[in-house]
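Only one structure is covered here, and it is reproduced in the block below.
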Amino acid sequence: MKKSTWIQILKQIICIGMVFLVVIPILLTLFAAFKTKADMVKISPLALPPFDRITFENFEKVLKDKYLIIGFKNTGIILIVSVFFNVMFGTITAFIIERFEFKFKKMIVALFFIGMLVPTFVTEIARFKIVNGLGLYNTLGAPIIIYVASDLMQLYIYRQFISTIPVSLDESALLDGCGYFGLFGRIILPLLTPATATVVIMKCITIINDMYIPYLYMPKNSLRTLTTFLMNYANSQQGSWQKLSAGIIIVMLPTVVIYIFFQQYILAGVAAGAVKE
């Protein structure tokens with residue numbers, strides 16, 4: 001065989017291996033969720049129990065937990081408010097940076113990107129003091145303000161998109177009597193729909209999957225999110241792997257559904273914003 005053929009075979013083997021590494025833990029969790037405690041011991045982890053012994057009791061017990069509903073509600077509130085302000089602040093800031101020249105512009109842009117490079121744990125003590133000083137500790141406002149202020153990826157995505165919009169379009173609108181607010185609201189913002197879809201999806205997945213910030217800033221039981229619910233549920237179900245697996249599947253569903261239905265927007269959005277005509 002040619003050297004190029006061997007390289008292609010090696011690439012395929014590596015890709016298949018990576019797929020197995022991702023899929024097998026999910027299958028183990030899924031199969032365990034449909035087993036009884038006895039079947040967890042008797043049957044292989046990579047096999048479903050016989051059809052007549054498949055049980056939904058594990059899911060029923062998880063769904064009856066009152067904190068699951070609380071987790072869905074709190075996660076939904078945090079998600080909607082955080083994503084809204086991320087989109088608004090991201091689009092406005094990117095528009096100003098890309099379309100206007102002002103003093104200290106380069107320094108401000110540099111500070112934004114330095115903020116993206118600094119690891120979170122380095123500033124955790126200072127951030128905790130700020131959140132506590134604002135009176136937001138143990139409230140839904142704590143994760144919201146952190147998600148809005150600390151993650152600046154949306155700024156990069158929106159800047160990439162705005163840079164592909166011709167400046168002549170702005171000039172034509174201004175000549176027709178459109179003000180800067182009208183220009184942004186009627187022309188720029190609608191053209192940023194693919195970028196907004198990308199930002200919304202990425203933010204949703206990040207916020208739903210995050211456990212660290214809700215656990216640290218909202219310890220009250222009434223403020224549990226899906227991830228902190230699952231963590232507490234895991235502590236209360238020690239040794240009951242089948243119930244814990246059912247809880248993992250239920251908590252994982254929103255993220256999986258969002259990604260499956262909107263992954264095309266993630267890929268298309270990032271690709272479109274990366275090319276400047």
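Every chain in the structure tokens has a letter given in the order shown (A, B, ...), and although residue numbers restart at 1 in each chain, ligands are simply numbered from 1 in the order shown.
The shell of residues at most 12 Å from Ile249 of chain A, with only C-alpha atoms counted and near chain neighbours (fewer than 3 positions) removed, consists of Pro25, Ile26, Leu27, Leu28, Thr29, Leu30, Phe31, Ala32, Ala33, Phe34, Asn58, Phe59, Val62, Leu63, Leu226, Thr227, Leu230, Gln242, Lys243, Leu244, Ser245, Ala246, Met252, Leu253, Pro254, Thr255, Val256 and Val257 of chain A.
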Discussion item. Excluding Val41 of chain A and its own-chain neighbours fewer than 4 positions away, which residues fall within 12 Å of it when counting only C-alpha atoms? Please give them as a PyMOL selection string.
Written reply: chain A and resi 32+35-37+45+47+49+239-242
Store the residues picked out above, limited to all heavy atoms, as a PDB file, in the first residue's frame.
```pdb
ATOM      1  N   ALA A  32     -27.854   1.527  32.080  1.00  0.00           N
ATOM      2  CA  ALA A  32     -28.017   1.390  33.534  1.00  0.00           C
ATOM      3  C   ALA A  32     -29.341   1.985  34.008  1.00  0.00           C
ATOM      4  O   ALA A  32     -29.951   1.491  34.956  1.00  0.00           O
ATOM      5  CB  ALA A  32     -26.854   2.068  34.253  1.00  0.00           C
ATOM      6  N   LYS A  35     -32.235  -0.532  34.144  1.00  0.00           N
ATOM      7  CA  LYS A  35     -32.019  -1.775  34.866  1.00  0.00           C
ATOM      8  C   LYS A  35     -32.493  -1.682  36.317  1.00  0.00           C
ATOM      9  O   LYS A  35     -32.536  -0.598  36.901  1.00  0.00           O
ATOM     10  CB  LYS A  35     -30.528  -2.140  34.854  1.00  0.00           C
ATOM     11  CG  LYS A  35     -29.982  -2.473  33.473  1.00  0.00           C
ATOM     12  CD  LYS A  35     -28.482  -2.742  33.535  1.00  0.00           C
ATOM     13  CE  LYS A  35     -27.918  -3.074  32.153  1.00  0.00           C
ATOM     14  NZ  LYS A  35     -26.463  -3.275  32.179  1.00  0.00           N
ATOM     15  N   THR A  36     -32.802  -2.830  36.865  1.00  0.00           N
ATOM     16  CA  THR A  36     -33.081  -2.919  38.296  1.00  0.00           C
ATOM     17  C   THR A  36     -31.752  -3.070  39.034  1.00  0.00           C
ATOM     18  O   THR A  36     -30.701  -3.284  38.413  1.00  0.00           O
ATOM     19  CB  THR A  36     -33.973  -4.127  38.605  1.00  0.00           C
ATOM     20  OG1 THR A  36     -33.278  -5.326  38.213  1.00  0.00           O
ATOM     21  CG2 THR A  36     -35.289  -4.036  37.858  1.00  0.00           C
ATOM     22  N   LYS A  37     -31.805  -2.984  40.342  1.00  0.00           N
ATOM     23  CA  LYS A  37     -30.569  -3.112  41.122  1.00  0.00           C
ATOM     24  C   LYS A  37     -29.950  -4.494  40.933  1.00  0.00           C
ATOM     25  O   LYS A  37     -28.723  -4.637  40.855  1.00  0.00           O
ATOM     26  CB  LYS A  37     -30.876  -2.863  42.599  1.00  0.00           C
ATOM     27  CG  LYS A  37     -29.635  -2.737  43.456  1.00  0.00           C
ATOM     28  CD  LYS A  37     -29.971  -2.263  44.864  1.00  0.00           C
ATOM     29  CE  LYS A  37     -28.703  -2.047  45.671  1.00  0.00           C
ATOM     30  NZ  LYS A  37     -29.009  -1.555  47.051  1.00  0.00           N
ATOM     31  N   PRO A  45     -22.516  -4.320  31.730  1.00  0.00           N
ATOM     32  CA  PRO A  45     -22.817  -2.873  31.651  1.00  0.00           C
ATOM     33  C   PRO A  45     -23.134  -2.401  30.229  1.00  0.00           C
ATOM     34  O   PRO A  45     -23.831  -1.407  30.049  1.00  0.00           O
ATOM     35  CB  PRO A  45     -21.521  -2.230  32.157  1.00  0.00           C
ATOM     36  CG  PRO A  45     -20.869  -3.274  32.975  1.00  0.00           C
ATOM     37  CD  PRO A  45     -21.206  -4.579  32.331  1.00  0.00           C
ATOM     38  N   ALA A  47     -24.925  -3.946  28.019  1.00  0.00           N
ATOM     39  CA  ALA A  47     -26.101  -4.651  27.485  1.00  0.00           C
ATOM     40  C   ALA A  47     -27.356  -4.217  28.220  1.00  0.00           C
ATOM     41  O   ALA A  47     -27.329  -3.954  29.424  1.00  0.00           O
ATOM     42  CB  ALA A  47     -25.913  -6.160  27.631  1.00  0.00           C
ATOM     43  N   PRO A  49     -31.109  -5.023  29.732  1.00  0.00           N
ATOM     44  CA  PRO A  49     -31.729  -6.225  30.303  1.00  0.00           C
ATOM     45  C   PRO A  49     -32.739  -6.809  29.312  1.00  0.00           C
ATOM     46  O   PRO A  49     -33.115  -6.148  28.345  1.00  0.00           O
ATOM     47  CB  PRO A  49     -32.428  -5.696  31.557  1.00  0.00           C
ATOM     48  CG  PRO A  49     -32.675  -4.255  31.269  1.00  0.00           C
ATOM     49  CD  PRO A  49     -31.526  -3.802  30.429  1.00  0.00           C
ATOM     50  N   GLY A 239     -24.643   4.209  45.832  1.00  0.00           N
ATOM     51  CA  GLY A 239     -24.845   2.774  45.638  1.00  0.00           C
ATOM     52  C   GLY A 239     -25.993   2.456  44.715  1.00  0.00           C
ATOM     53  O   GLY A 239     -26.114   1.326  44.239  1.00  0.00           O
ATOM     54  N   SER A 240     -26.869   3.425  44.440  1.00  0.00           N
ATOM     55  CA  SER A 240     -28.003   3.197  43.536  1.00  0.00           C
ATOM     56  C   SER A 240     -27.664   3.777  42.168  1.00  0.00           C
ATOM     57  O   SER A 240     -28.166   4.830  41.765  1.00  0.00           O
ATOM     58  CB  SER A 240     -29.275   3.854  44.105  1.00  0.00           C
ATOM     59  OG  SER A 240     -30.374   3.575  43.284  1.00  0.00           O
ATOM     60  N   TRP A 241     -26.806   3.070  41.440  1.00  0.00           N
ATOM     61  CA  TRP A 241     -26.299   3.589  40.175  1.00  0.00           C
ATOM     62  C   TRP A 241     -27.386   3.696  39.121  1.00  0.00           C
ATOM     63  O   TRP A 241     -27.328   4.560  38.247  1.00  0.00           O
ATOM     64  CB  TRP A 241     -25.170   2.681  39.670  1.00  0.00           C
ATOM     65  CG  TRP A 241     -23.945   2.743  40.522  1.00  0.00           C
ATOM     66  CD1 TRP A 241     -23.518   1.813  41.417  1.00  0.00           C
ATOM     67  CD2 TRP A 241     -23.019   3.835  40.603  1.00  0.00           C
ATOM     68  NE1 TRP A 241     -22.373   2.227  42.043  1.00  0.00           N
ATOM     69  CE2 TRP A 241     -22.040   3.467  41.563  1.00  0.00           C
ATOM     70  CE3 TRP A 241     -22.926   5.060  39.969  1.00  0.00           C
ATOM     71  CZ2 TRP A 241     -20.979   4.302  41.894  1.00  0.00           C
ATOM     72  CZ3 TRP A 241     -21.860   5.904  40.295  1.00  0.00           C
ATOM     73  CH2 TRP A 241     -20.906   5.517  41.243  1.00  0.00           C
ATOM     74  N   GLN A 242     -28.383   2.833  39.186  1.00  0.00           N
ATOM     75  CA  GLN A 242     -29.442   2.881  38.181  1.00  0.00           C
ATOM     76  C   GLN A 242     -30.296   4.156  38.308  1.00  0.00           C
ATOM     77  O   GLN A 242     -30.669   4.781  37.310  1.00  0.00           O
ATOM     78  CB  GLN A 242     -30.330   1.631  38.244  1.00  0.00           C
ATOM     79  CG  GLN A 242     -31.176   1.469  39.476  1.00  0.00           C
ATOM     80  CD  GLN A 242     -30.407   0.900  40.665  1.00  0.00           C
ATOM     81  OE1 GLN A 242     -29.207   0.706  40.594  1.00  0.00           O
ATOM     82  NE2 GLN A 242     -31.122   0.638  41.760  1.00  0.00           N
TER      83      GLN A 242
END
```
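Among the candidates A:Tyr158, A:Phe51, A:Phe89, A:Tyr217, the one nearest to Arg127 of chain A when counting only C-alpha atoms is A:Tyr217.
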Worksheet entry | Pick from A:Tyr233, A:Gln8, A:Thr193, A:Ile201, whichever lies nearest to Asp65 of chain A using only C-alpha atoms |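 Of all the options, A:Tyr233 lies closest to Asp65 of chain A.
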Item to complete: Using DSSP on the backbone coordinates, identify the residues of segment 38-250 of chain A assigned to helix (DSSP H, G or I); present them as a PyMOL selection string.
Response: chain A and resi 38-42+51-53+57-63+66-99+105-117+120-133+141-150+153-162+167-175+180-191+193-209+212-217+221-223+226-236+241-250
